Amino acid sequence: MSAVSAHVAQNDGGLSISLSRVVKSFGKLNVLGSFNLEISGGQFLAVVGRSGGGKSTLLRLIAGLETATSGRVSIGGREVDRTLPSVCLLFQEARLVPWQRVIENVGIARGPNWQDTARRTLADVGLEGREDDWPSVLSGGQRQRVALARALVSAPQILLLDEPFGALDALTRIEMHRLLERIWSGRGFTTVLITHDVAEAVALADRVVVLREGAIALDIDIDLERPRRELADPRAVDLQRRILEAV
Amino acid sequence: MVDLSVAGIATGETRKPNLKSLWSGLAPWALPLVLLVVWEIAARTGLVTARLMPAPTTIAAAFWRSLLDGSLLFHTLASTRRAFIGLAIGGGLGFVAGVVTGLWKPAETLFDSTVQMVRNIPHLALIPLVILWFGIDETAKIFLVSIGVFFPIYINTFHGVRTIDPQIVEMASVYGLDRKALIRRIILPGALPSILVGLRYALGFMWLTLIVAETISSTNGIGYMTMNAREFLQTDIVLLGIIVYALLGKFADVVTRAIERRVLVWHPAYRAKAGGEA
């Protein structure tokens with residue numbers, strides 16, 4: 001039964017994302033100016049850039065949390081004007097609800113059979129047996145795992161990640177990278193990861209876009225075979241250097 | 001060497017807690033006990049006039065007498081009944097008003113500045129007016145208590161609803177919670193710590209208002225009991241009434257704390273107080 005549902009989840013794939021001539025300004029401040037970006041379904045895209053470069057705004061536009069001043073943001077060919085159930089966003093902070101237990105946080109949307117689904121997804125992110133804990137007793141890495149499980153429960157076709165591993169220690173971060181890569185390759189959703197960590201981008205993504213002052217400064221494909229466990233791969237180091245020069 | 005000293009501390013720690021917890025359990029009662037003994041001696045030796053300040057044993061005797069003839073229970077129940085009817089009305093209205101103004105901006109614009117203005121009127125200053133409106137019967141006292149508890153509950157509920165982490169509300173919208181689920185699962189539980197603070201303030205105001213209201217005009221209740229005793233110079237009954245108020249206040253506080261510990265188990269601060277796993 002679970003094998004069947006895993007199979008179905010694999011075939012769901014990811015939706016494509018398209019931004020064309022998108023302008024976003026807050027008052028007089030132009031955060032994105034006539035921005036174009038095509039992300040094909042199932043792709044793992046990393047967006048790298050300095051803070052204040054418009055990365056988070058880009059993600060919030062795709063998530064439907066902001067509306068573009070002008071231009072068109074569409075998902076799977078349809079224009080976005082609100083948050084969609086097929087698009088999930090992982091924030092910088094885990095944003096767990098402190099007064100709900102771990103399992104209730106994962107099943108926050110309370111879909112049909114949510115407890116079973118939440119339990120299975122928690123096991124999937126390595127948190128079996130922590131269902132009835134309060135969020136306050138979890139470590140930072142565990143909280144982000146819960147947040148990831150909360151996103152996965154709704155079988156998203158697009159997963160947006162806003163520097164969710166930035167505050168974790170190096171070891172936990174590598175663990176989270178492996179977890180994310182495993183789940184992404186199993187489920188095949190489209191992923192947009194925002195990060196300021198170039199090594200993270202090269203380790204995880206199919207494609208890296210460098211965002212500078214609201215425009216794309218570099219757009220390269222990362223053609224390295226997975227899983228990418230070799231930290232000192234000279235090709236990866238070369239890619240990192242090229243990205244760093246563009247940031 | 002280091003290991004030994006650590007082990008020494010560890011065994012010391014395991015033996016100490018019993019004595020320590022006994023001491024910390026008893027310590028708060030030491031001062032009241034000493035005061036009682038001094039008071040008893042002062043009353044017995046005639047250092048203070050027994051008519052103005054009867055000895056603790058005299059008060060205990062009065063307590064026993066009034067317990068046996070049922071008058072203490074009668075008056076306490078009458079007061080408690082008033083207190084809780086007033087709390088239910090005033091607190092209920094305060095809670096609803098706090099939630100509505102907290103959630104809905106137009107309601108705040110319409111309502112909140114008026115409340116802030118009226119709040120600054122000491123509600124006991126309304127007594128003459130309340131007597132003119134309602135006479136001196138039950139309604140007047142319940143009205144006063146309701147007003148007394150309305151404001152602390154309203155203000156703290158409003159504050160609690162308004163200070164919900166907007167990031168969590170945003171998360172809820174990303175995960176598709178509708179307004180009803182948002183209020184029930186996110187906003188109300190999140191506002192609860194603040195609402196309970198309001199409740200504790202309200203309980204203080206509740207007894208305070210009741211004392212004043214009952215001493216002005218009543219035919220039953222602790223306030224009536226003490227005023228009546230004053231007429232007959234029964235100072236022991238007057239002091240007994242004051243003690244009963246103190247106990248009722250303490251009791252209400254204990255109950256609220258128990259509620260806090262129960263419903264706020266998720267909160268690290270309350271869990272620490274409850275002692276580990278809850």
# chains A, B, ... in the order shown; residues from 1 in each chain; ligands from 1
$ residues_around --residues "B:Val197" --least-positions-apart "2" --cutoff "10 Å" --atoms "only C-alpha atoms" --output "list of chain:residue names"
B:Pro152, B:Ile153, B:Asn156, B:Thr157, B:Gly160, B:Leu192, B:Pro193, B:Ser194, B:Ile195, B:Leu199, B:Arg200, B:Tyr201, B:Ala202, B:Thr256, B:Arg257, B:Glu260
$ write_last_selection --atoms "C-alpha atoms" --output "short mmCIF file (atom, residue, chain, number, x, y, z; two decimals), in the first residue's frame"
data_model
loop_
_atom_site.label_atom_id
_atom_site.label_comp_id
_atom_site.auth_asym_id
_atom_site.auth_seq_id
_atom_site.Cartn_x
_atom_site.Cartn_y
_atom_site.Cartn_z
CA PRO B 152 -8.49 43.35 32.95
CA ILE B 153 -9.92 40.50 30.89
CA ASN B 156 -5.30 41.15 28.25
CA THR B 157 -7.38 39.23 25.70
CA GLY B 160 -2.92 38.37 23.62
CA LEU B 192 -4.26 32.08 26.30
CA PRO B 193 -1.22 32.93 28.45
CA SER B 194 -2.18 36.59 28.28
CA ILE B 195 -5.88 35.84 28.88
CA LEU B 199 -8.09 36.37 34.70
CA ARG B 200 -5.76 36.57 37.68
CA TYR B 201 -5.99 40.35 37.76
CA ALA B 202 -9.75 40.06 37.36
CA THR B 256 -5.89 29.83 38.17
CA ARG B 257 -2.31 28.70 38.60
CA GLU B 260 -2.21 27.72 33.80
#
$ interface_residues --of "chain B" --to "chain A" --cutoff "10 Å" --atoms "only C-alpha atoms" --output "PyMOL selection string"
chain B and resi 165+167-178+181+185-186+189-190+263-268
$ residues_around --residues "A:Ala167" --least-positions-apart "3" --cutoff "9 Å" --atoms "only C-alpha atoms" --output "MDAnalysis selection string"
chainID A and resid 92:93 140:141 163:164 173
$ select_by_dssp --residues "stretch 23-133 of chain A" --states "helix (DSSP H, G or I)" --output "JSON, numbers by chain"
{"A": [55, 56, 57, 58, 59, 60, 61, 62, 63, 102, 103, 104, 105, 106, 114, 115, 116, 117, 118, 119, 120, 121, 122, 123, 124]}
$ residues_around --residues "A:Val209" --least-positions-apart "2" --cutoff "6 Å" --atoms "only C-alpha atoms" --output "mmCIF file with C-alpha atoms, in the first residue's frame"
data_model
loop_
_atom_site.group_PDB
_atom_site.id
_atom_site.type_symbol
_atom_site.label_atom_id
_atom_site.label_comp_id
_atom_site.auth_asym_id
_atom_site.auth_seq_id
_atom_site.Cartn_x
_atom_site.Cartn_y
_atom_site.Cartn_z
ATOM 1 C CA VAL A 47 19.193 31.059 -5.932
ATOM 2 C CA LEU A 218 24.733 34.294 -13.583
ATOM 3 C CA ASP A 219 22.698 31.246 -14.578
#
$ residues_around --residues "A:Phe26" --least-positions-apart "2" --cutoff "12 Å" --atoms "only C-alpha atoms" --output "list in words"
Val23, Lys24, Lys28, Leu29, Asn30, Val31, Leu32, Gly33, Gly54, Thr57, Glu66, Thr67, Ala68 and Thr69 of chain A
$ closest_residue --among "A:Val146, A:Val153, A:Ser185, A:Gly27" --to "A:Asp116" --atoms "only C-alpha atoms"
A:Val153
$ atom_distance --atom1 "atom CA of A:Ser34" --atom2 "atom CA of A:Ser20"
7.5 Å
$ atom_distance --atom1 "atom CA of A:Phe165" --atom2 "atom CA of A:Ala203"
13.5 Å
$ residues_around --residues "B:Leu72" --least-positions-apart "2" --cutoff "10 Å" --atoms "only C-alpha atoms" --output "JSON, numbers by chain"
{"B": [62, 63, 64, 65, 66, 67, 68, 69, 70, 74, 75, 76, 77, 78, 221, 222, 225, 237, 240, 241, 244]}
$ closest_residue --among "B:Leu35, B:Gln116, B:Ile155, B:Thr235" --to "B:Met53" --atoms "only C-alpha atoms"
B:Thr235
$ residues_around --residues "B:Ile127" --least-positions-apart "3" --cutoff "9 Å" --atoms "only C-alpha atoms" --output "list of chain:residue names"
B:His123, B:Leu124, B:Val130, B:Ile131, B:Leu132, B:Ala140, B:Leu144, B:Ala213
